[in-house]
>>> print(open('coords-v8.cif').read())   # mmCIF, C-alpha atoms
data_protein
loop_
_atom_site.label_atom_id
_atom_site.label_comp_id
_atom_site.auth_asym_id
_atom_site.auth_seq_id
_atom_site.Cartn_x
_atom_site.Cartn_y
_atom_site.Cartn_z
CA MET A 1271 -50.72 -27.92 50.39
CA ALA A 1272 -47.85 -25.77 49.12
CA ILE A 1273 -47.04 -22.72 51.23
CA ASN A 1274 -46.22 -19.28 49.86
CA ILE A 1275 -43.35 -17.69 51.76
CA LEU A 1276 -42.09 -14.11 52.02
CA ILE A 1277 -38.41 -13.73 52.95
CA VAL A 1278 -37.46 -10.26 54.25
CA ASP A 1279 -33.76 -9.53 54.74
CA ASP A 1280 -31.56 -6.67 53.55
CA SER A 1281 -28.87 -9.16 52.53
CA ALA A 1282 -29.59 -10.76 49.15
CA VAL A 1283 -27.07 -13.47 50.03
CA MET A 1284 -28.92 -14.31 53.23
CA ARG A 1285 -32.25 -14.43 51.39
CA ALA A 1286 -30.66 -16.82 48.90
CA MET A 1287 -29.26 -18.92 51.74
CA ILE A 1288 -32.64 -19.20 53.43
CA LEU A 1289 -34.23 -20.16 50.12
CA LYS A 1290 -31.48 -22.69 49.37
CA THR A 1291 -31.92 -24.16 52.85
CA MET A 1292 -35.68 -24.50 52.41
CA ARG A 1293 -35.20 -26.20 49.05
CA MET A 1294 -32.88 -28.74 50.74
CA THR A 1295 -35.80 -29.84 52.89
CA ASN A 1296 -38.92 -31.68 51.78
CA LEU A 1297 -41.20 -28.76 52.57
CA PRO A 1298 -44.00 -28.20 50.05
CA LEU A 1299 -42.92 -24.79 48.78
CA GLY A 1300 -45.23 -22.63 46.69
CA GLU A 1301 -44.35 -19.13 45.54
CA ILE A 1302 -41.35 -17.52 47.23
CA TYR A 1303 -41.34 -13.73 47.46
CA GLN A 1304 -38.42 -11.60 48.62
CA ALA A 1305 -38.10 -8.13 50.13
CA ALA A 1306 -35.08 -6.11 51.28
CA ASN A 1307 -36.73 -4.30 54.21
CA GLY A 1308 -39.91 -4.16 56.26
CA GLN A 1309 -41.66 -1.64 54.01
CA GLU A 1310 -41.02 -3.76 50.91
CA GLY A 1311 -42.25 -6.73 52.92
CA LEU A 1312 -45.53 -4.98 53.76
CA ASP A 1313 -45.93 -4.00 50.11
CA SER A 1314 -45.46 -7.62 49.09
CA LEU A 1315 -48.04 -8.74 51.68
CA ASN A 1316 -50.54 -6.34 50.10
CA GLN A 1317 -49.94 -7.81 46.66
CA HIS A 1318 -49.69 -11.55 47.27
CA TRP A 1319 -51.19 -14.37 49.27
CA ILE A 1320 -48.53 -15.23 51.86
CA ASP A 1321 -48.72 -18.18 54.27
CA LEU A 1322 -45.50 -17.52 56.18
CA VAL A 1323 -43.17 -14.58 56.73
CA ILE A 1324 -39.46 -15.07 57.47
CA VAL A 1325 -37.97 -11.76 58.57
CA ASP A 1326 -34.67 -10.29 59.77
CA ILE A 1327 -34.66 -7.57 62.44
CA ASN A 1328 -31.88 -5.11 61.63
CA MET A 1329 -32.76 -3.62 58.25
CA PRO A 1330 -32.77 -0.13 56.76
CA VAL A 1331 -35.96 1.84 55.92
CA MET A 1332 -38.16 -0.30 58.19
CA ASN A 1333 -36.79 -2.89 60.60
CA GLY A 1334 -38.32 -6.30 61.18
CA GLU A 1335 -39.92 -5.49 64.53
CA GLU A 1336 -41.81 -2.53 63.10
CA MET A 1337 -42.95 -4.69 60.19
CA ILE A 1338 -44.28 -7.26 62.67
CA ASP A 1339 -46.10 -4.51 64.59
CA ARG A 1340 -47.67 -3.21 61.37
CA MET A 1341 -48.70 -6.73 60.35
CA GLN A 1342 -50.43 -7.22 63.70
CA GLU A 1343 -52.34 -3.95 63.33
CA ASN A 1344 -53.77 -5.15 60.01
CA PRO A 1345 -56.64 -7.70 60.19
CA ASN A 1346 -55.52 -9.14 56.84
CA THR A 1347 -52.03 -9.99 58.04
CA LYS A 1348 -52.18 -10.38 61.81
CA GLU A 1349 -52.72 -14.14 61.68
CA ILE A 1350 -49.82 -14.89 59.32
CA PRO A 1351 -47.13 -16.95 61.07
CA ILE A 1352 -43.79 -15.15 61.47
CA ILE A 1353 -40.30 -16.54 61.93
CA VAL A 1354 -37.56 -14.07 62.87
CA VAL A 1355 -34.10 -15.11 61.61
CA SER A 1356 -31.59 -12.79 63.19
CA THR A 1357 -28.24 -12.43 64.95
CA GLU A 1358 -30.02 -10.76 67.89
CA GLY A 1359 -28.48 -11.99 71.13
CA SER A 1360 -30.37 -9.97 73.74
CA ARG A 1361 -32.80 -12.11 75.71
CA THR A 1362 -34.98 -9.05 76.33
CA ARG A 1363 -35.40 -8.35 72.63
CA ILE A 1364 -35.92 -12.02 71.73
CA GLU A 1365 -38.62 -12.39 74.38
CA ARG A 1366 -40.30 -9.21 73.16
CA LEU A 1367 -40.51 -10.69 69.65
CA GLN A 1368 -41.79 -13.98 71.02
CA HIS A 1369 -44.51 -12.14 72.94
CA LYS A 1370 -45.61 -10.73 69.59
CA GLY A 1371 -46.12 -14.30 68.40
CA ALA A 1372 -42.95 -14.69 66.34
CA ARG A 1373 -40.68 -17.70 66.47
CA PHE A 1374 -36.98 -16.95 66.72
CA ILE A 1375 -34.11 -18.63 64.84
CA HIS A 1376 -30.58 -17.50 65.54
CA LYS A 1377 -28.07 -16.96 62.73
CA PRO A 1378 -26.18 -19.01 61.69
CA PHE A 1379 -28.87 -21.68 61.40
CA SER A 1380 -29.04 -25.30 60.35
CA PRO A 1381 -31.42 -26.65 57.68
CA GLU A 1382 -33.07 -28.80 60.35
CA ILE A 1383 -33.96 -25.78 62.49
CA ILE A 1384 -35.49 -23.97 59.53
CA CYS A 1385 -37.44 -27.05 58.42
CA ASP A 1386 -38.67 -28.03 61.89
CA THR A 1387 -39.71 -24.48 62.79
CA ILE A 1388 -41.65 -24.02 59.54
CA LYS A 1389 -43.42 -27.35 60.02
CA ASP A 1390 -44.22 -26.50 63.61
CA ILE A 1391 -45.52 -22.98 63.03
CA THR A 1392 -47.51 -23.70 59.87
CA GLY A 1393 -48.60 -27.26 60.55
CA VAL A 1394 -47.49 -28.40 57.08
CA GLU A 1395 -45.96 -31.81 56.59
CA GLY A 1396 -43.03 -32.56 54.30
CA ASN A 1397 -43.56 -34.08 50.90
CA ASP A 1398 -42.96 -37.82 50.79
CA GLU A 1399 -40.11 -38.79 48.50
CA MET B 696 -4.83 -8.35 75.63
CA SER B 697 -6.99 -10.90 77.37
CA GLU B 698 -6.43 -14.52 76.36
CA GLN B 699 -10.02 -15.23 77.38
CA LEU B 700 -11.30 -12.60 74.99
CA LYS B 701 -9.12 -13.94 72.20
CA GLU B 702 -10.48 -17.44 72.80
CA ILE B 703 -14.06 -16.14 72.63
CA LEU B 704 -13.37 -14.23 69.41
CA SER B 705 -11.62 -17.25 67.85
CA ARG B 706 -14.44 -19.60 68.82
CA VAL B 707 -17.20 -17.34 67.51
CA VAL B 708 -15.39 -16.80 64.20
CA ARG B 709 -14.64 -20.52 63.83
CA GLU B 710 -18.22 -21.59 64.59
CA THR B 711 -19.74 -18.92 62.35
CA LEU B 712 -17.57 -19.81 59.36
CA GLU B 713 -18.22 -23.52 59.81
CA GLN B 714 -21.98 -23.19 60.08
CA LEU B 715 -22.44 -20.36 57.61
CA ALA B 716 -19.99 -21.26 54.86
CA PHE B 717 -18.69 -24.76 55.66
CA MET B 718 -15.20 -23.26 55.99
CA PHE B 719 -12.65 -24.42 58.53
CA SER B 720 -10.12 -22.09 60.07
CA LEU B 721 -6.79 -22.57 61.79
CA PRO B 722 -5.09 -20.00 64.05
CA GLU B 723 -1.95 -18.41 62.57
CA ASP B 724 -0.58 -16.51 65.51
CA GLU B 725 2.98 -16.63 64.25
CA ARG B 726 2.44 -14.69 61.03
CA GLY B 727 2.22 -10.93 60.73
CA CYS B 728 -1.00 -9.12 59.92
CA MET B 729 -2.23 -9.50 56.39
CA ILE B 730 -0.78 -7.17 53.80
CA PRO B 731 -3.82 -5.08 52.97
CA ASP B 732 -3.03 -4.70 49.26
CA SER B 733 -4.40 -8.19 48.72
CA ALA B 734 -7.39 -7.84 50.97
CA VAL B 735 -10.90 -6.53 51.37
CA ALA B 736 -12.20 -5.41 54.74
CA ALA B 737 -15.60 -5.27 56.37
CA THR B 738 -16.22 -3.16 59.44
CA ILE B 739 -19.17 -3.01 61.80
CA SER B 740 -19.77 -0.67 64.73
CA PHE B 741 -21.75 -1.45 67.87
CA SER B 742 -22.91 0.30 71.01
CA GLY B 743 -24.42 -0.88 74.25
CA SER B 744 -22.87 -1.63 77.64
CA PHE B 745 -19.65 -0.97 75.76
CA SER B 746 -19.04 0.42 72.29
CA GLY B 747 -16.60 -0.34 69.55
CA ARG B 748 -15.96 -1.78 66.16
CA LEU B 749 -15.11 -5.13 64.63
CA VAL B 750 -12.96 -5.24 61.50
CA MET B 751 -12.51 -8.33 59.34
CA THR B 752 -9.93 -8.43 56.54
CA VAL B 753 -9.98 -11.32 54.09
CA SER B 754 -7.65 -12.03 51.21
CA ASN B 755 -9.00 -11.48 47.72
CA GLN B 756 -8.72 -15.23 47.02
CA LEU B 757 -10.97 -16.09 49.96
CA LEU B 758 -13.78 -13.68 49.13
CA PRO B 759 -15.31 -15.54 46.13
CA GLU B 760 -14.98 -18.85 47.96
CA LEU B 761 -16.85 -17.46 50.96
CA ALA B 762 -19.70 -16.22 48.78
CA ALA B 763 -19.80 -19.42 46.72
CA ASN B 764 -20.00 -21.61 49.81
CA MET B 765 -22.76 -19.50 51.34
CA LEU B 766 -24.78 -19.51 48.12
CA GLY B 767 -24.05 -23.11 47.15
CA VAL B 768 -22.72 -22.16 43.70
CA ASP B 769 -19.34 -22.20 41.92
CA GLU B 770 -16.94 -19.33 42.66
CA GLU B 771 -17.10 -18.16 39.03
CA GLU B 772 -20.84 -17.67 39.39
CA THR B 773 -20.53 -15.10 42.18
CA ALA B 774 -20.63 -11.41 41.33
CA LEU B 775 -18.53 -8.87 43.24
CA ASN B 776 -21.61 -7.38 44.92
CA GLN B 777 -22.58 -10.87 46.14
CA GLN B 778 -19.05 -11.40 47.47
CA HIS B 779 -19.23 -8.13 49.38
CA ASP B 780 -22.73 -8.94 50.62
CA ALA B 781 -21.48 -12.34 51.84
CA LEU B 782 -18.64 -10.69 53.76
CA LYS B 783 -21.02 -8.14 55.28
CA GLU B 784 -23.41 -10.86 56.39
CA THR B 785 -20.51 -12.86 57.83
CA ILE B 786 -19.19 -10.00 59.97
CA ASN B 787 -22.75 -9.14 61.00
CA ILE B 788 -23.29 -12.69 62.29
CA ILE B 789 -19.87 -12.80 63.96
CA CYS B 790 -20.56 -9.50 65.74
CA GLY B 791 -24.09 -10.55 66.72
CA ASN B 792 -22.76 -13.71 68.32
CA LEU B 793 -19.60 -12.17 69.76
CA LEU B 794 -21.20 -9.45 71.89
CA PRO B 795 -23.46 -11.75 73.98
CA ALA B 796 -20.57 -14.22 74.23
CA ILE B 797 -18.57 -11.42 75.89
CA ALA B 798 -21.24 -9.55 77.84
CA GLY B 799 -23.96 -12.16 78.38
CA ASN B 800 -27.42 -12.28 76.84
CA GLU B 801 -29.05 -9.87 79.30
CA VAL B 802 -27.25 -6.93 77.72
CA VAL B 803 -28.73 -5.08 74.75
CA PHE B 804 -26.46 -3.92 71.93
CA ASN B 805 -27.25 -1.89 68.84
CA ILE B 806 -25.30 -3.05 65.83
CA ASP B 807 -24.90 -0.77 62.80
CA ALA B 808 -25.01 -1.93 59.21
CA PRO B 809 -21.68 -3.40 58.06
CA VAL B 810 -19.53 -1.46 55.61
CA ILE B 811 -17.13 -2.81 52.97
CA ILE B 812 -13.75 -1.12 52.50
CA THR B 813 -11.83 -1.91 49.33
CA GLU B 814 -9.36 0.98 49.27
CA ILE B 815 -6.03 -0.14 50.72
CA GLU B 816 -5.31 3.18 52.39
CA ALA B 817 -8.78 3.26 53.93
CA ILE B 818 -8.27 -0.21 55.42
CA LYS B 819 -4.95 0.88 56.89
CA ASP B 820 -6.53 4.08 58.22
CA VAL B 821 -9.35 2.25 60.01
CA ILE B 822 -6.88 -0.01 61.75
CA LYS B 823 -4.41 2.78 62.50
CA ASP B 824 -7.04 5.28 63.69
CA ASN B 825 -8.44 2.76 66.18
CA ASP B 826 -5.10 1.30 67.24
CA ASN B 827 -5.34 2.60 70.82
CA LYS B 828 -8.69 0.79 71.23
CA LEU B 829 -7.42 -2.58 69.94
CA THR B 830 -8.70 -5.10 72.45
CA SER B 831 -8.29 -8.42 70.70
CA MET B 832 -7.10 -9.78 67.38
CA VAL B 833 -7.08 -13.18 65.71
CA LYS B 834 -5.17 -14.25 62.63
CA LEU B 835 -6.57 -17.23 60.78
CA ASN B 836 -5.77 -19.50 57.89
CA ILE B 837 -8.93 -20.44 56.03
CA GLU B 838 -8.62 -22.81 53.09
CA GLU B 839 -4.98 -21.65 52.59
CA SER B 840 -6.05 -17.99 52.60
CA GLU B 841 -5.61 -15.33 55.24
CA CYS B 842 -8.23 -13.71 57.40
CA ASP B 843 -7.68 -11.29 60.29
CA LEU B 844 -10.16 -9.93 62.83
CA PHE B 845 -9.63 -6.87 64.98
CA LEU B 846 -11.87 -6.00 67.91
CA PHE B 847 -11.70 -2.37 68.99
CA VAL B 848 -13.46 -1.38 72.21
CA GLU B 849 -13.84 2.03 73.82
CA GLY B 850 -13.38 2.08 77.58
CA GLU B 851 -13.53 -0.66 80.17
CA PHE B 852 -15.69 -3.77 80.16
CA THR B 853 -15.82 -7.13 81.86
CA ILE B 854 -16.33 -10.57 80.38
CA SER B 855 -19.47 -12.29 81.59
CA SER B 856 -18.76 -15.75 82.97
#
>>> encode(input="coords-v8.cif", output="structure tokens")
Amino acid sequence: MAINILIVDDSAVMRAMILKTMRMTNLPLGEIYQAANGQEGLDSLNQHWIDLVIVDINMPVMNGEEMIDRMQENPNTKEIPIIVVSTEGSRTRIERLQHKGARFIHKPFSPEIICDTIKDITGVEGNDE
Amino acid sequence: MSEQLKEILSRVVRETLEQLAFMFSLPEDERGCMIPDSAVAATISFSGSFSGRLVMTVSNQLLPELAANMLGVDEEETALNQQHDALKETINIICGNLLPAIAGNEVVFNIDAPVIITEIEAIKDVIKDNDNKLTSMVKLNIEESECDLFLFVEGEFTISS
């Protein structure tokens, strides 16, 4: 089963890096959607079927934590797995995100971390070569 | 200036560039600071248990290579806005990793959005205006190009062991 993924980060370069990293793995990727802030991310969730959200925290307009809160308030989006990819170094903030059900990946990341975390949180297996 | 702080800054920059852009850096303590007329700067402010600003200047030759390595494309394929975005993301990651490396991961910092400075006089002004807060500096050679980092901190702070 291919998974549709929404990548939310205010850096277009970082969104491209995350996408490039995912394409280096054998994950069964479906449609990839991108958004530059939490509000755009919520708009995209309203328009598309998304299986996984990868989101940064520090963004203009709406930050990643508020987007996660809004997703959890909505019955249509509260069950979607979330991976936070951020430079956040505060244990307090990381634990707060984890209590909201998000997985946390620290920037800079390795392809293995991205791949393993996606497999673990979604339950998908990689495509056989 | 604390040698320990300089070591932390050097390590964080080295590790970030290696993991983010597959770029390897060497210290160049003996040379003077980069001549800003061949450079672009990124600056990022932070506040928390201590406040300050990190400034990163990179030579114009290094900028497209940084973006190309991050994106996995040829240098000629990178647009100027992508090069600036790559530099902003790089300083954002360096700052995000530097602050807990200095203060420990129990401390909460707020990090502002990075800003690109391309005007030579503006780069000089940022460095000059904050000169009395200069706390650490590293000068690096990356792929035969120059890169300098300046850490400016307001007030006193201690390094978490």
>>> atom_distance(input="coords-v8.cif", atom1="atom CA of A:Phe1379", atom2="atom CA of B:Val708")
14.6 Å
>>> interface_residues(input="coords-v8.cif", of="chain B", to="chain A", cutoff="8 Å", atoms="only C-alpha atoms", output="count of residues only")
23
>>> closest_residue(input="coords-v8.cif", among="A:Cys1385, A:Leu1276, A:Ala1372, A:Val1355", to="A:Ala1305", atoms="all atoms listed in the file")
A:Leu1276
>>> atom_distance(input="coords-v8.cif", atom1="atom CA of A:Asn1307", atom2="atom CA of A:Met1332")
5.8 Å
>>> atom_distance(input="coords-v8.cif", atom1="atom CA of B:Lys823", atom2="atom CA of B:Pro809")
18.9 Å
>>> resolve_selection(input="coords-v8.cif", expression="the PyMOL selection byres ((chain A and resi 1311-1323) around 8)", output="short mmCIF file (atom, residue, chain, number, x, y, z; two decimals) with C-alpha atoms, in the coordinates of the input")
data_model
loop_
_atom_site.label_atom_id
_atom_site.label_comp_id
_atom_site.auth_asym_id
_atom_site.auth_seq_id
_atom_site.Cartn_x
_atom_site.Cartn_y
_atom_site.Cartn_z
CA ILE A 1273 -47.04 -22.72 51.23
CA ASN A 1274 -46.22 -19.28 49.86
CA ILE A 1275 -43.35 -17.69 51.76
CA LEU A 1276 -42.09 -14.11 52.02
CA ILE A 1277 -38.41 -13.73 52.95
CA VAL A 1278 -37.46 -10.26 54.25
CA TYR A 1303 -41.34 -13.73 47.46
CA GLN A 1304 -38.42 -11.60 48.62
CA ALA A 1305 -38.10 -8.13 50.13
CA ALA A 1306 -35.08 -6.11 51.28
CA ASN A 1307 -36.73 -4.30 54.21
CA GLY A 1308 -39.91 -4.16 56.26
CA GLN A 1309 -41.66 -1.64 54.01
CA GLU A 1310 -41.02 -3.76 50.91
CA ILE A 1324 -39.46 -15.07 57.47
CA VAL A 1325 -37.97 -11.76 58.57
CA MET A 1337 -42.95 -4.69 60.19
CA MET A 1341 -48.70 -6.73 60.35
CA THR A 1347 -52.03 -9.99 58.04
CA ILE A 1350 -49.82 -14.89 59.32
CA PRO A 1351 -47.13 -16.95 61.07
CA ILE A 1352 -43.79 -15.15 61.47
CA ILE A 1353 -40.30 -16.54 61.93
CA THR A 1392 -47.51 -23.70 59.87
#
>>> residues_around(input="coords-v8.cif", residues="B:Ser742", least_positions_apart="2", cutoff="10 Å", atoms="all atoms listed in the file", output="list of chain:residue names")
B:Ser740, B:Ser744, B:Phe745, B:Ser746, B:Gly747, B:Arg748, B:Leu794, B:Val803, B:Phe804, B:Asn805, B:Ile806, B:Asp807, B:Val848, B:Glu849
>>> closest_residue(input="coords-v8.cif", among="B:Thr813, B:Thr738, B:Thr830, B:Thr773", to="B:Val750", atoms="all atoms listed in the file")
B:Thr738
>>> residues_around(input="coords-v8.cif", residues="B:Lys834", least_positions_apart="4", cutoff="8 Å", atoms="all atoms listed in the file", output="PyMOL selection string")
chain B and resi 722-724+726+728+841-844
>>> resolve_selection(input="coords-v8.cif", expression="the PyMOL selection byres ((chain B and resi 829) around 12)", output="PyMOL selection string")
chain B and resi 696-697+700-701+747-750+821-828+830-833+844-850
>>> residues_near_point(input="coords-v8.cif", point="(-12.4, -17.9, 48.4)", cutoff="12 Å", atoms="all atoms listed in the file", output="tab-separated table (two decimals) with C-alpha atoms, in the frame of the given file")
chain	number	residue	atom	x	y	z
B	716	ALA	CA	-19.99	-21.26	54.86
B	717	PHE	CA	-18.69	-24.76	55.66
B	718	MET	CA	-15.20	-23.26	55.99
B	734	ALA	CA	-7.39	-7.84	50.97
B	735	VAL	CA	-10.90	-6.53	51.37
B	753	VAL	CA	-9.98	-11.32	54.09
B	754	SER	CA	-7.65	-12.03	51.21
B	755	ASN	CA	-9.00	-11.48	47.72
B	756	GLN	CA	-8.72	-15.23	47.02
B	757	LEU	CA	-10.97	-16.09	49.96
B	758	LEU	CA	-13.78	-13.68	49.13
B	759	PRO	CA	-15.31	-15.54	46.13
B	760	GLU	CA	-14.98	-18.85	47.96
B	761	LEU	CA	-16.85	-17.46	50.96
B	762	ALA	CA	-19.70	-16.22	48.78
B	763	ALA	CA	-19.80	-19.42	46.72
B	764	ASN	CA	-20.00	-21.61	49.81
B	765	MET	CA	-22.76	-19.50	51.34
B	769	ASP	CA	-19.34	-22.20	41.92
B	770	GLU	CA	-16.94	-19.33	42.66
B	771	GLU	CA	-17.10	-18.16	39.03
B	773	THR	CA	-20.53	-15.10	42.18
B	778	GLN	CA	-19.05	-11.40	47.47
B	779	HIS	CA	-19.23	-8.13	49.38
B	781	ALA	CA	-21.48	-12.34	51.84
B	782	LEU	CA	-18.64	-10.69	53.76
B	836	ASN	CA	-5.77	-19.50	57.89
B	837	ILE	CA	-8.93	-20.44	56.03
B	838	GLU	CA	-8.62	-22.81	53.09
B	839	GLU	CA	-4.98	-21.65	52.59
B	840	SER	CA	-6.05	-17.99	52.60
B	841	GLU	CA	-5.61	-15.33	55.24
B	842	CYS	CA	-8.23	-13.71	57.40
>>> residues_around(input="coords-v8.cif", residues="A:Lys1370", least_positions_apart="6", cutoff="9 Å", atoms="only C-alpha atoms", output="PyMOL selection string")
chain A and resi 1338-1339+1342
>>> closest_residue(input="coords-v8.cif", among="B:Ala796, B:Val768, B:Ile815, B:Phe852", to="B:Arg706", atoms="all atoms listed in the file")
B:Ala796
>>> closest_residue(input="coords-v8.cif", among="B:Ser720, B:Ala736, B:Val707, B:Glu698", to="B:Ile818", atoms="only C-alpha atoms")
B:Ala736
>>> axis_aligned_box(input="coords-v8.cif", around="stretch 763-774 of chain B", padding_each_side="6 Å", output="AutoDock Vina command-line options")
--center_x -20.9 --center_y -17.3 --center_z 45.2 --size_x 19.8 --size_y 23.7 --size_z 24.3
>>> closest_residue(input="coords-v8.cif", among="A:Arg1293, A:Lys1389, A:Asp1279, A:Glu1349", to="A:Gly1371", atoms="all atoms listed in the file")
A:Glu1349
